[in-house]
$ cat coords21.cif   # mmCIF, C-alpha atoms and all ligand atoms
data_structure
#
loop_
_atom_site.label_atom_id
_atom_site.label_comp_id
_atom_site.auth_asym_id
_atom_site.auth_seq_id
_atom_site.Cartn_x
_atom_site.Cartn_y
_atom_site.Cartn_z
CA MET F 1 -10.09 41.89 -44.80
CA THR F 2 -13.36 42.68 -46.43
CA VAL F 3 -15.10 44.34 -43.73
CA ARG F 4 -16.26 47.63 -45.00
CA VAL F 5 -19.46 47.56 -43.04
CA VAL F 6 -22.23 49.48 -44.74
CA ALA F 7 -25.72 50.25 -43.55
CA PRO F 8 -28.31 48.06 -45.29
CA ARG F 9 -29.37 49.82 -48.46
CA GLN F 10 -33.03 50.63 -48.90
CA ALA F 11 -33.21 48.53 -52.00
CA GLU F 12 -31.82 45.46 -50.23
CA LEU F 13 -34.71 43.23 -49.31
CA PRO F 14 -34.10 41.36 -46.10
CA VAL F 15 -33.46 37.64 -46.55
CA PRO F 16 -34.45 35.91 -43.32
CA PHE F 17 -32.63 32.70 -42.43
CA ALA F 18 -35.91 30.78 -42.43
CA ARG F 19 -39.41 31.56 -43.57
CA PRO F 20 -41.96 28.90 -42.62
CA GLU F 21 -44.73 28.57 -45.15
CA ILE F 22 -48.22 27.46 -44.14
CA LEU F 23 -50.50 27.04 -47.14
CA PRO F 24 -53.93 28.72 -47.15
CA GLU F 25 -55.48 25.24 -47.50
CA ALA F 26 -53.71 24.22 -44.28
CA VAL F 27 -55.11 27.25 -42.45
CA ARG F 28 -58.60 26.35 -43.67
CA ALA F 29 -58.20 22.70 -42.68
CA ALA F 30 -57.00 23.67 -39.18
CA SER F 31 -59.93 25.99 -38.58
CA GLY F 32 -62.29 23.29 -39.83
CA ILE F 33 -60.94 20.93 -37.16
CA LEU F 34 -61.22 23.61 -34.47
CA ARG F 35 -64.85 24.23 -35.43
CA SER F 36 -65.63 20.50 -35.46
CA GLY F 37 -65.12 20.20 -31.71
CA ARG F 38 -62.88 17.16 -32.07
CA MET F 39 -59.34 18.46 -32.06
CA ALA F 40 -57.26 16.03 -29.99
CA THR F 41 -55.69 12.85 -31.45
CA GLY F 42 -58.22 11.28 -33.78
CA PRO F 43 -58.91 10.16 -37.32
CA VAL F 44 -57.04 13.04 -38.96
CA THR F 45 -53.89 12.12 -37.05
CA ALA F 46 -54.34 8.49 -38.15
CA ALA F 47 -54.68 9.56 -41.79
CA PHE F 48 -51.61 11.80 -41.61
CA GLU F 49 -49.62 9.00 -39.96
CA GLN F 50 -50.49 6.65 -42.79
CA GLN F 51 -49.52 9.23 -45.41
CA VAL F 52 -46.12 9.92 -43.89
CA ALA F 53 -45.45 6.22 -43.33
CA THR F 54 -46.25 5.53 -46.98
CA LEU F 55 -44.04 8.41 -48.10
CA VAL F 56 -41.05 6.94 -46.25
CA GLY F 57 -41.79 3.30 -46.99
CA ALA F 58 -42.61 2.33 -43.40
CA ALA F 59 -45.52 0.22 -42.20
CA HIS F 60 -46.48 2.50 -39.32
CA GLY F 61 -46.32 6.13 -38.27
CA VAL F 62 -47.06 7.46 -34.79
CA GLY F 63 -47.65 11.19 -34.56
CA THR F 64 -46.18 13.07 -31.62
CA SER F 65 -46.19 16.58 -30.19
CA SER F 66 -42.62 17.22 -31.37
CA GLY F 67 -39.54 15.61 -32.85
CA SER F 68 -37.87 15.62 -29.46
CA ALA F 69 -40.83 13.75 -27.97
CA ALA F 70 -40.63 11.26 -30.84
CA ILE F 71 -36.98 10.57 -29.97
CA GLU F 72 -37.72 10.22 -26.26
CA LEU F 73 -40.61 7.82 -26.86
CA ALA F 74 -38.54 5.69 -29.24
CA VAL F 75 -35.50 5.60 -26.97
CA ARG F 76 -37.65 4.71 -23.93
CA ALA F 77 -39.19 1.85 -25.90
CA LEU F 78 -35.72 0.26 -26.22
CA ASP F 79 -36.25 -0.84 -22.60
CA LEU F 80 -32.60 -0.40 -21.69
CA ALA F 81 -31.44 -0.56 -18.09
CA PRO F 82 -31.32 2.88 -16.43
CA GLY F 83 -28.06 4.69 -17.18
CA SER F 84 -27.30 2.59 -20.28
CA ARG F 85 -25.08 4.31 -22.80
CA VAL F 86 -26.47 5.66 -26.05
CA LEU F 87 -24.26 7.13 -28.77
CA VAL F 88 -25.31 10.67 -29.73
CA PRO F 89 -23.46 12.79 -32.32
CA THR F 90 -22.05 15.89 -30.65
CA MET F 91 -22.87 17.99 -33.74
CA SER F 92 -26.61 17.81 -33.24
CA PHE F 93 -29.51 19.61 -31.69
CA CYS F 94 -29.69 19.64 -27.91
CA GLY F 95 -33.25 18.25 -28.05
CA ALA F 96 -31.88 14.84 -29.04
CA ALA F 97 -29.50 14.66 -26.07
CA HIS F 98 -32.20 15.90 -23.70
CA ALA F 99 -34.51 13.14 -24.95
CA VAL F 100 -31.91 10.47 -24.15
CA LEU F 101 -31.28 11.97 -20.70
CA HIS F 102 -35.00 12.27 -19.93
CA ALA F 103 -35.34 8.60 -20.81
CA GLY F 104 -32.93 7.87 -17.96
CA LEU F 105 -30.04 6.94 -20.26
CA THR F 106 -26.51 8.30 -20.67
CA PRO F 107 -25.46 9.88 -23.96
CA VAL F 108 -21.96 9.10 -25.16
CA LEU F 109 -21.04 11.96 -27.48
CA VAL F 110 -19.58 10.97 -30.84
CA ASP F 111 -17.08 13.10 -32.73
CA VAL F 112 -17.72 14.06 -36.36
CA ASP F 113 -15.85 14.09 -39.64
CA PRO F 114 -15.13 17.79 -40.28
CA ALA F 115 -16.04 17.27 -43.95
CA THR F 116 -19.62 16.18 -43.24
CA GLY F 117 -20.40 17.19 -39.68
CA MET F 118 -21.48 13.61 -39.04
CA PRO F 119 -19.80 10.75 -37.21
CA ASP F 120 -17.77 8.43 -39.42
CA VAL F 121 -16.91 4.81 -38.77
CA GLU F 122 -13.69 5.61 -36.92
CA ALA F 123 -15.28 8.14 -34.55
CA THR F 124 -18.19 5.79 -33.91
CA GLU F 125 -15.85 2.92 -33.02
CA ARG F 126 -13.93 5.19 -30.67
CA ALA F 127 -17.10 6.31 -28.87
CA ALA F 128 -18.49 2.76 -28.76
CA SER F 129 -15.31 1.63 -27.01
CA GLU F 130 -16.84 3.38 -23.99
CA GLY F 131 -19.73 0.93 -24.19
CA ALA F 132 -22.97 1.46 -26.11
CA GLU F 133 -26.33 -0.25 -25.87
CA ALA F 134 -27.97 1.84 -28.59
CA MET F 135 -27.29 4.79 -30.87
CA LEU F 136 -28.87 7.83 -32.44
CA VAL F 137 -27.97 8.44 -36.08
CA VAL F 138 -28.59 11.97 -37.34
CA HIS F 139 -28.92 12.87 -41.02
CA LEU F 140 -27.41 16.33 -40.61
CA GLY F 141 -29.01 18.95 -42.78
CA GLY F 142 -30.76 16.22 -44.77
CA MET F 143 -27.55 14.48 -45.93
CA PRO F 144 -28.01 10.69 -45.72
CA ALA F 145 -25.84 9.13 -43.00
CA PRO F 146 -24.60 5.58 -43.66
CA VAL F 147 -26.85 3.94 -41.06
CA HIS F 148 -25.72 0.34 -41.64
CA ALA F 149 -22.00 1.14 -41.53
CA LEU F 150 -22.38 3.25 -38.39
CA ALA F 151 -24.42 0.56 -36.61
CA ALA F 152 -21.76 -2.01 -37.54
CA ALA F 153 -19.02 0.31 -36.28
CA ALA F 154 -20.86 0.57 -32.96
CA GLY F 155 -21.32 -3.20 -32.85
CA LEU F 156 -25.08 -2.75 -32.70
CA PRO F 157 -27.91 -4.39 -34.65
CA LEU F 158 -30.32 -2.10 -36.54
CA ASP F 159 -32.98 -2.66 -33.88
CA ARG F 160 -30.80 -0.70 -31.45
CA VAL F 161 -30.65 2.26 -33.82
CA VAL F 162 -32.98 5.26 -33.58
CA GLU F 163 -32.62 7.75 -36.38
CA ASP F 164 -32.93 11.47 -35.71
CA ALA F 165 -34.48 12.39 -39.05
CA ALA F 166 -35.58 15.88 -38.02
CA HIS F 167 -33.81 17.16 -41.15
CA ALA F 168 -34.44 14.13 -43.29
CA LEU F 169 -38.00 13.83 -44.52
CA GLY F 170 -37.30 13.24 -48.21
CA THR F 171 -33.74 11.98 -47.64
CA TRP F 172 -32.84 8.70 -49.33
CA LEU F 173 -29.95 6.47 -48.35
CA GLY F 174 -29.13 4.72 -51.62
CA ASP F 175 -32.38 3.07 -52.72
CA ASP F 176 -34.10 3.43 -49.34
CA PRO F 177 -36.05 6.41 -48.06
CA VAL F 178 -35.04 7.43 -44.55
CA GLY F 179 -37.91 6.22 -42.37
CA SER F 180 -37.78 2.51 -43.14
CA ILE F 181 -34.14 1.63 -42.48
CA SER F 182 -33.62 1.18 -38.74
CA TRP F 183 -35.89 0.19 -35.86
CA ALA F 184 -37.39 3.64 -35.39
CA THR F 185 -37.03 6.90 -37.29
CA CYS F 186 -38.01 10.23 -35.74
CA PHE F 187 -39.18 13.22 -37.77
CA SER F 188 -39.92 16.81 -36.76
CA PHE F 189 -42.50 19.18 -38.19
CA TYR F 190 -41.19 22.19 -36.25
CA ALA F 191 -41.75 25.59 -37.89
CA THR F 192 -38.40 25.73 -39.68
CA LYS F 193 -38.24 22.09 -40.80
CA ASN F 194 -38.89 21.04 -44.37
CA LEU F 195 -42.48 19.96 -43.70
CA PRO F 196 -43.52 22.72 -41.34
CA ILE F 197 -46.62 22.35 -39.18
CA GLY F 198 -45.40 24.65 -36.43
CA GLU F 199 -44.93 21.90 -33.88
CA GLY F 200 -45.16 18.15 -34.29
CA GLY F 201 -43.21 14.99 -34.86
CA MET F 202 -43.55 11.35 -35.86
CA VAL F 203 -41.92 7.99 -35.34
CA THR F 204 -42.02 5.64 -38.32
CA THR F 205 -41.31 1.93 -37.94
CA ASP F 206 -42.01 -1.47 -39.46
CA ASP F 207 -42.40 -2.99 -36.00
CA ARG F 208 -46.09 -3.39 -35.23
CA ASP F 209 -45.56 -3.92 -31.50
CA LEU F 210 -43.40 -0.83 -31.27
CA ALA F 211 -46.06 1.24 -33.05
CA ALA F 212 -48.78 0.00 -30.70
CA ARG F 213 -46.62 0.75 -27.70
CA LEU F 214 -45.77 4.25 -28.92
CA ARG F 215 -49.47 4.96 -29.45
CA ARG F 216 -49.99 4.20 -25.76
CA THR F 217 -46.90 5.86 -24.33
CA ARG F 218 -47.43 9.10 -26.23
CA LEU F 219 -50.72 9.49 -24.32
CA HIS F 220 -49.94 8.75 -20.67
CA ALA F 221 -49.63 5.00 -21.47
CA MET F 222 -53.36 4.67 -20.95
CA SER F 223 -54.77 1.33 -22.09
CA SER F 224 -57.56 3.07 -24.01
CA ASP F 225 -58.45 6.60 -24.94
CA PRO F 226 -60.91 7.65 -22.22
CA TRP F 227 -61.56 10.92 -23.94
CA ASP F 228 -63.53 9.06 -26.57
CA TYR F 229 -66.86 10.54 -25.50
CA ARG F 230 -68.83 9.06 -28.35
CA PRO F 231 -71.73 6.77 -27.42
CA GLY F 232 -70.26 3.41 -26.62
CA GLY F 233 -66.93 4.91 -25.53
CA SER F 234 -65.72 3.89 -22.11
CA TRP F 235 -64.18 5.86 -19.26
CA LEU F 236 -62.34 2.78 -18.04
CA TYR F 237 -58.60 2.52 -18.57
CA THR F 238 -55.52 1.33 -16.79
CA VAL F 239 -51.80 2.18 -16.92
CA GLU F 240 -49.11 -0.48 -16.98
CA GLU F 241 -45.96 1.43 -17.98
CA ALA F 242 -44.43 4.90 -18.04
CA GLY F 243 -46.15 7.36 -20.36
CA LEU F 244 -45.64 10.89 -21.63
CA LYS F 245 -48.06 13.56 -22.80
CA ALA F 246 -46.70 13.74 -26.30
CA ASN F 247 -49.56 13.06 -28.68
CA MET F 248 -50.18 14.87 -31.97
CA SER F 249 -53.46 16.76 -32.26
CA ASP F 250 -55.81 16.56 -35.22
CA VAL F 251 -55.22 20.29 -35.71
CA GLN F 252 -51.52 19.60 -36.30
CA ALA F 253 -52.34 16.61 -38.50
CA ALA F 254 -54.80 18.58 -40.61
CA ILE F 255 -52.11 21.17 -41.30
CA GLY F 256 -49.62 18.43 -42.08
CA ARG F 257 -51.94 16.71 -44.53
CA GLU F 258 -52.37 19.87 -46.58
CA GLN F 259 -48.69 20.77 -46.36
CA LEU F 260 -47.77 17.31 -47.66
CA ARG F 261 -49.42 18.12 -50.99
CA ALA F 262 -46.70 20.70 -51.60
CA PHE F 263 -43.85 18.59 -50.26
CA ALA F 264 -42.52 17.20 -53.55
CA ARG F 265 -42.59 20.67 -55.11
CA TRP F 266 -40.88 22.21 -52.08
CA GLN F 267 -38.15 19.57 -52.17
CA ARG F 268 -37.50 20.22 -55.87
CA ARG F 269 -37.15 23.91 -55.07
CA ARG F 270 -34.66 23.14 -52.29
CA GLU F 271 -32.63 21.07 -54.78
CA GLU F 272 -32.64 23.97 -57.24
CA ILE F 273 -31.44 26.39 -54.58
CA ALA F 274 -28.67 24.01 -53.47
CA ALA F 275 -27.56 23.65 -57.09
CA ARG F 276 -27.59 27.42 -57.54
CA TYR F 277 -25.45 27.98 -54.43
CA ALA F 278 -23.09 25.25 -55.61
CA ALA F 279 -22.71 26.81 -59.06
CA GLU F 280 -22.25 30.36 -57.81
CA LEU F 281 -19.91 29.61 -54.90
CA ALA F 282 -17.97 26.76 -56.50
CA ASP F 283 -14.75 28.58 -57.32
CA LEU F 284 -14.48 30.66 -54.16
CA PRO F 285 -11.29 29.79 -52.29
CA GLY F 286 -11.85 28.78 -48.69
CA ILE F 287 -15.61 28.43 -49.02
CA GLU F 288 -16.19 24.70 -48.81
CA LEU F 289 -19.59 23.57 -49.99
CA PRO F 290 -21.75 20.71 -48.79
CA HIS F 291 -21.58 17.69 -51.07
CA ALA F 292 -24.55 16.03 -52.65
CA PRO F 293 -24.48 12.29 -51.95
CA ALA F 294 -23.23 9.97 -54.72
CA THR F 295 -26.40 7.91 -54.41
CA GLY F 296 -29.70 8.47 -52.69
CA ARG F 297 -31.08 11.91 -52.05
CA HIS F 298 -30.22 14.94 -49.92
CA ALA F 299 -33.27 16.69 -48.42
CA TRP F 300 -31.41 20.03 -48.30
CA HIS F 301 -33.03 21.09 -45.06
CA LEU F 302 -29.82 23.08 -44.51
CA TYR F 303 -27.14 24.54 -46.74
CA ALA F 304 -24.11 24.69 -44.45
CA VAL F 305 -20.84 25.97 -45.90
CA ARG F 306 -17.49 25.83 -44.14
CA VAL F 307 -15.49 29.05 -43.99
CA GLY F 308 -11.82 28.08 -44.19
CA PRO F 309 -8.70 30.22 -43.79
CA GLU F 310 -8.14 30.31 -47.56
CA SER F 311 -11.11 32.66 -47.78
CA GLY F 312 -9.21 35.23 -45.73
CA LEU F 313 -12.35 35.40 -43.59
CA ASP F 314 -13.46 34.23 -40.24
CA ARG F 315 -16.95 32.64 -40.02
CA ASP F 316 -18.18 35.28 -37.57
CA VAL F 317 -16.88 38.06 -39.81
CA LEU F 318 -18.70 36.64 -42.82
CA ALA F 319 -21.88 36.18 -40.78
CA GLY F 320 -21.53 39.79 -39.66
CA VAL F 321 -21.15 41.04 -43.24
CA LEU F 322 -24.25 39.11 -44.33
CA SER F 323 -26.15 40.42 -41.34
CA GLU F 324 -25.19 43.99 -42.25
CA HIS F 325 -26.83 43.29 -45.60
CA ALA F 326 -29.97 42.01 -43.84
CA ILE F 327 -29.24 38.38 -44.67
CA GLY F 328 -29.91 35.87 -41.91
CA THR F 329 -27.56 32.97 -41.23
CA SER F 330 -27.24 30.36 -38.53
CA VAL F 331 -24.88 27.68 -37.25
CA HIS F 332 -25.81 24.00 -37.03
CA PHE F 333 -24.81 23.19 -34.42
CA VAL F 334 -22.95 24.35 -31.38
CA PRO F 335 -21.38 21.00 -30.38
CA LEU F 336 -23.14 19.49 -27.40
CA HIS F 337 -19.86 19.08 -25.52
CA HIS F 338 -19.40 22.87 -25.61
CA MET F 339 -22.43 23.24 -23.34
CA PRO F 340 -21.99 22.94 -19.57
CA TYR F 341 -25.05 20.76 -18.96
CA PHE F 342 -24.01 18.13 -21.49
CA ARG F 343 -20.40 18.20 -20.32
CA ARG F 344 -21.73 17.28 -16.89
CA THR F 345 -24.20 14.62 -17.99
CA CYS F 346 -22.72 12.97 -21.08
CA VAL F 347 -19.72 10.70 -21.53
CA LEU F 348 -16.99 12.19 -23.74
CA PRO F 349 -14.90 9.72 -25.74
CA PRO F 350 -11.19 9.26 -25.06
CA GLY F 351 -9.20 11.79 -27.06
CA GLY F 352 -12.06 14.31 -26.95
CA LEU F 353 -13.99 15.50 -29.98
CA PRO F 354 -11.37 17.22 -32.15
CA GLY F 355 -13.32 16.90 -35.41
CA ALA F 356 -16.27 18.86 -34.04
CA ASP F 357 -13.96 21.37 -32.34
CA ALA F 358 -12.24 22.05 -35.66
CA LEU F 359 -15.46 22.22 -37.65
CA PHE F 360 -17.62 24.35 -35.37
CA PRO F 361 -15.83 27.71 -35.85
CA ARG F 362 -16.11 27.31 -39.64
CA LEU F 363 -19.77 26.36 -39.96
CA LEU F 364 -22.25 28.77 -41.49
CA SER F 365 -25.74 27.86 -42.67
CA LEU F 366 -27.06 30.01 -45.51
CA PRO F 367 -30.79 30.55 -46.12
CA ILE F 368 -32.55 27.72 -47.99
CA TYR F 369 -36.33 27.32 -48.16
CA PRO F 370 -38.87 26.99 -50.95
CA ALA F 371 -39.96 30.63 -50.86
CA LEU F 372 -36.37 31.82 -51.37
CA GLU F 373 -36.16 33.40 -54.80
CA ASP F 374 -33.28 33.06 -57.24
CA ARG F 375 -32.45 36.75 -56.93
CA ALA F 376 -32.14 36.35 -53.16
CA VAL F 377 -29.77 33.40 -53.63
CA ASP F 378 -27.78 35.48 -56.10
CA ARG F 379 -27.60 38.37 -53.67
CA VAL F 380 -26.33 36.12 -50.87
CA CYS F 381 -23.72 34.65 -53.23
CA GLY F 382 -22.66 38.08 -54.49
CA ILE F 383 -22.05 39.33 -50.96
CA VAL F 384 -20.10 36.19 -50.00
CA ARG F 385 -18.04 36.52 -53.18
CA ASP F 386 -17.28 40.22 -52.62
CA ALA F 387 -16.34 39.53 -49.02
CA VAL F 388 -13.92 36.75 -49.96
CA VAL F 389 -12.36 38.66 -52.83
CA GLN F 390 -11.83 41.73 -50.70
CA ALA F 391 -10.59 39.79 -47.68
CA ARG F 392 -8.00 37.95 -49.76
CA ARG F 393 -6.85 41.17 -51.38
CA ASP F 394 -6.52 42.85 -47.99
CA ALA F 395 -4.80 39.82 -46.47
CA ARG F 396 -1.89 39.92 -48.92
CA PRO F 397 1.35 40.41 -47.01
CA LEU F 398 1.83 44.09 -46.26
CA SER F 399 5.26 45.19 -47.34
CA SER F 400 4.91 48.77 -46.18
CA SER F 401 4.75 49.53 -42.49
CA ASP F 402 1.92 52.01 -43.01
CA ALA F 403 -0.95 49.68 -42.27
CA ALA F 404 0.73 48.19 -39.26
CA ALA F 405 1.63 51.62 -37.94
CA SER F 406 -1.95 52.81 -38.26
CA GLY F 407 -3.23 49.63 -36.65
CA ASP F 408 -5.22 48.98 -39.80
CA THR F 409 -4.65 45.26 -40.06
CA ALA F 410 -7.03 42.61 -41.25
CA ALA F 411 -7.23 41.13 -37.78
CA GLY F 412 -7.91 44.51 -36.25
CA ARG F 413 -10.73 45.20 -38.66
CA ALA F 414 -12.21 41.74 -38.15
CA ALA F 415 -12.31 42.36 -34.44
CA ARG F 416 -14.26 45.56 -34.92
CA VAL F 417 -17.08 43.99 -36.93
CA PRO F 418 -20.29 43.89 -34.96
CA HIS F 419 -21.45 40.36 -34.29
CA ALA F 420 -25.07 41.24 -34.57
CA ARG F 421 -26.37 37.69 -34.75
CA GLN F 422 -24.01 36.16 -32.27
CA GLU F 423 -26.53 35.66 -29.52
CA GLN F 424 -29.04 34.03 -31.86
CA ARG F 425 -26.71 31.44 -33.26
CA GLY F 426 -27.22 27.86 -32.43
CA THR F 427 -30.42 28.51 -30.58
CA ALA F 428 -32.81 27.61 -33.37
CA PRO F 429 -33.15 23.97 -34.30
C1 LIG F 501 -35.45 20.14 -34.72
C2 LIG F 501 -34.59 19.03 -34.32
C3 LIG F 501 -34.98 18.09 -33.35
C4 LIG F 501 -36.19 18.26 -32.49
O1 LIG F 501 -37.38 18.49 -33.12
P1 LIG F 501 -38.52 19.35 -32.38
O2 LIG F 501 -39.73 19.06 -33.19
O3 LIG F 501 -38.11 20.77 -32.43
O4 LIG F 501 -38.63 18.83 -30.99
C5 LIG F 501 -34.17 17.01 -33.12
N1 LIG F 501 -33.02 16.85 -33.79
C6 LIG F 501 -32.59 17.73 -34.69
C7 LIG F 501 -31.31 17.47 -35.42
C8 LIG F 501 -33.35 18.87 -34.98
O5 LIG F 501 -32.90 19.77 -35.85
#
$ encode --input "coords21.cif" --output "structure tokens" --more "lines below"
Ligand SMILES: *Cc1c(COP(=O)(O)O)cnc(C)c1O
Amino acid sequence: MTVRVVAPRQAELPVPFARPEILPEAVRAASGILRSGRMATGPVTAAFEQQVATLVGAAHGVGTSSGSAAIELAVRALDLAPGSRVLVPTMSFCGAAHAVLHAGLTPVLVDVDPATGMPDVEATERAASEGAEAMLVVHLGGMPAPVHALAAAAGLPLDRVVEDAAHALGTWLGDDPVGSISWATCFSFYATKNLPIGEGGMVTTDDRDLAARLRRTRLHAMSSDPWDYRPGGSWLYTVEEAGLKANMSDVQAAIGREQLRAFARWQRRREEIAARYAAELADLPGIELPHAPATGRHAWHLYAVRVGPESGLDRDVLAGVLSEHAIGTSVHFVPLHHMPYFRRTCVLPPGGLPGADALFPRLLSLPIYPALEDRAVDRVCGIVRDAVVQARRDARPLSSSDAAASGDTAAGRAARVPHARQEQRGTAP
């Protein structure tokens, strides 16, 4: 196997897994809001909401403190009986399952197609056989998920579907932008997402009543905003339903508004990087690449390859080699049913989740972000290529007994590779 571990060479520039970019204009806009004295939810949030809603073809946007809060608010607004079952893909971020649990509902974990990392119709039907009142659909990595087919497979109308679009601002499903397809779509503006603010989220919807309700429930469910201290503002409010503290601030919105100006350019750069990876890694045996959708648009929030046995490499070995060359990688995601808390609190479908179990050990996300330069992509690809070529050469059947006698086998060498990034994997959304 390939694993001749070398110390990072001086000339090798580190390639972090993610590098959030905040434009100078966004920094200026944020400090302007801070100096203005009005920094909570206000007119800047309203303007940002309208911009994002327009971008995704929805009538309304409701800004939130995070993507997870957006999911919790949307799921709570379904008004399901406590303990009702909600389908949640097991190959997703834990924040989505927490949101369902915090809303007093029970996630039913859905297995995934090992080719896409997302539930297919068959897995959705199997999970829904356990009973489902609603479902989360995740567009993993920015790949459009077939929302209509999955809802039909679950036997649910689109107004029982909440989309986890944390990776999917800029994703299109056929002719429709993600954000205007189901009842409620939840975005994240977390630091590493494709429209980074640092923290923030949004629900987009065409349902006016839902939007009005989310505007209340994101701010303690107060009937009016009592912190409107302008002349004529009132201190009087009442509360008629459960509320969260999950509003977006005008500081976040001001950053988002400036960042949005670069969004189309950033997305084009992500597409270029994905195409470059695809071209350079295409012929490597055992390195299976993510597919671009036949129609619609992939947002390329992630570039997750699958490391198969044909490569002669194990995913952790390849991650270790890249790490030795100062290249960051990650894994999206550790399946939820591998985590003790979700095993205790979620329903697992009959027959388990074999697709996710098979996929997880192969998954490896390579760096992809607008600031990533071509030469960095080329360096990542060169190291992956060298590793595969060498691993396959070393893995050829050994006819002499020398290697075996010395203990110098591929498996032995793999086991000795330091897993420098092990503890970080799967922790970052
Ligand atoms: C990031 C992420 C979330 C949560 O977003 P936050 O803004 O970090 O709360 C939800 N789902 C997925 C798939 C994510 O990657």
$ residues_near_ligand --input "coords21.cif" --ligand "ligand LIG 501 (chain F)" --cutoff "6 Å" --atoms "only C-alpha atoms and all ligand atoms" --output "VMD selection string"
chain F and resid 66 to 68 92 to 93 95 to 96 164 166 to 167 188 to 190 199 to 201 429
$ closest_residue --input "coords21.cif" --among "F:Ala356, F:Val178, F:Leu101, F:Ala154" --to "Phe342 (chain F)" --atoms "all atoms listed in the file"
F:Leu101
$ atom_distance --input "coords21.cif" --atom1 "CA of Leu322 (chain F)" --atom2 "CA of Thr192 (chain F)"
20.0 Å
$ atom_distance --input "coords21.cif" --atom1 "CA of Ala128 (chain F)" --atom2 "CA of Val108 (chain F)"
8.1 Å
$ residues_near_point --input "coords21.cif" --point "(-27.3, 6.4, -23.0)" --cutoff "8 Å" --atoms "all atoms listed in the file" --output "CSV table (one decimal) with C-alpha atoms, keeping the file's coordinate frame"
chain,number,residue,atom,x,y,z
F,83,GLY,CA,-28.1,4.7,-17.2
F,84,SER,CA,-27.3,2.6,-20.3
F,85,ARG,CA,-25.1,4.3,-22.8
F,86,VAL,CA,-26.5,5.7,-26.0
F,87,LEU,CA,-24.3,7.1,-28.8
F,100,VAL,CA,-31.9,10.5,-24.2
F,101,LEU,CA,-31.3,12.0,-20.7
F,104,GLY,CA,-32.9,7.9,-18.0
F,105,LEU,CA,-30.0,6.9,-20.3
F,106,THR,CA,-26.5,8.3,-20.7
F,107,PRO,CA,-25.5,9.9,-24.0
F,108,VAL,CA,-22.0,9.1,-25.2
F,132,ALA,CA,-23.0,1.5,-26.1
F,133,GLU,CA,-26.3,-0.2,-25.9
F,134,ALA,CA,-28.0,1.8,-28.6
$ residues_near_point --input "coords21.cif" --point "(-26.0, 0.0, -40.6)" --cutoff "12 Å" --atoms "all atoms listed in the file" --output "PyMOL selection string"
chain F and resi 120-121+124+135-137+145-163+173+181-183
$ atom_distance --input "coords21.cif" --atom1 "CA of Ala47 (chain F)" --atom2 "CA of Ala212 (chain F)"
15.8 Å
$ closest_residue --input "coords21.cif" --among "F:Ala262, F:Leu353, F:Leu214, F:Leu363" --to "Leu289 (chain F)" --atoms "all atoms listed in the file"
F:Leu363
$ closest_residue --input "coords21.cif" --among "F:Ala254, F:Ala59, F:Val347, F:Val15" --to "Gly131 (chain F)" --atoms "only C-alpha atoms"
F:Val347
$ closest_residue --input "coords21.cif" --among "F:Val88, F:Met202, F:Ala168, F:Ala191" --to "Leu73 (chain F)" --atoms "only C-alpha atoms"
F:Met202
$ closest_residue --input "coords21.cif" --among "F:Ala299, F:Gly57, F:Gly32, F:Val44" --to "Ile273 (chain F)" --atoms "all atoms listed in the file"
F:Ala299
$ closest_residue --input "coords21.cif" --among "F:Ser311, F:Thr185, F:Thr295, F:Thr345" --to "Ala70 (chain F)" --atoms "only C-alpha atoms"
F:Thr185
$ residues_around --input "coords21.cif" --residues "region 365-371 of chain F" --least-positions-apart "2" --cutoff "10 Å" --atoms "all atoms listed in the file" --output "CSV table (one decimal) with C-alpha atoms, in the coordinates of the input"
chain,number,residue,atom,x,y,z
F,15,VAL,CA,-33.5,37.6,-46.6
F,16,PRO,CA,-34.4,35.9,-43.3
F,17,PHE,CA,-32.6,32.7,-42.4
F,18,ALA,CA,-35.9,30.8,-42.4
F,19,ARG,CA,-39.4,31.6,-43.6
F,20,PRO,CA,-42.0,28.9,-42.6
F,21,GLU,CA,-44.7,28.6,-45.2
F,141,GLY,CA,-29.0,19.0,-42.8
F,192,THR,CA,-38.4,25.7,-39.7
F,193,LYS,CA,-38.2,22.1,-40.8
F,194,ASN,CA,-38.9,21.0,-44.4
F,263,PHE,CA,-43.8,18.6,-50.3
F,265,ARG,CA,-42.6,20.7,-55.1
F,266,TRP,CA,-40.9,22.2,-52.1
F,267,GLN,CA,-38.2,19.6,-52.2
F,268,ARG,CA,-37.5,20.2,-55.9
F,269,ARG,CA,-37.2,23.9,-55.1
F,270,ARG,CA,-34.7,23.1,-52.3
F,271,GLU,CA,-32.6,21.1,-54.8
F,272,GLU,CA,-32.6,24.0,-57.2
F,273,ILE,CA,-31.4,26.4,-54.6
F,274,ALA,CA,-28.7,24.0,-53.5
F,277,TYR,CA,-25.4,28.0,-54.4
F,300,TRP,CA,-31.4,20.0,-48.3
F,301,HIS,CA,-33.0,21.1,-45.1
F,302,LEU,CA,-29.8,23.1,-44.5
F,303,TYR,CA,-27.1,24.5,-46.7
F,304,ALA,CA,-24.1,24.7,-44.4
F,305,VAL,CA,-20.8,26.0,-45.9
F,306,ARG,CA,-17.5,25.8,-44.1
F,319,ALA,CA,-21.9,36.2,-40.8
F,322,LEU,CA,-24.2,39.1,-44.3
F,327,ILE,CA,-29.2,38.4,-44.7
F,328,GLY,CA,-29.9,35.9,-41.9
F,329,THR,CA,-27.6,33.0,-41.2
F,330,SER,CA,-27.2,30.4,-38.5
F,331,VAL,CA,-24.9,27.7,-37.2
F,332,HIS,CA,-25.8,24.0,-37.0
F,333,PHE,CA,-24.8,23.2,-34.4
F,363,LEU,CA,-19.8,26.4,-40.0
F,373,GLU,CA,-36.2,33.4,-54.8
F,374,ASP,CA,-33.3,33.1,-57.2
F,376,ALA,CA,-32.1,36.4,-53.2
F,377,VAL,CA,-29.8,33.4,-53.6
F,380,VAL,CA,-26.3,36.1,-50.9
F,381,CYS,CA,-23.7,34.6,-53.2
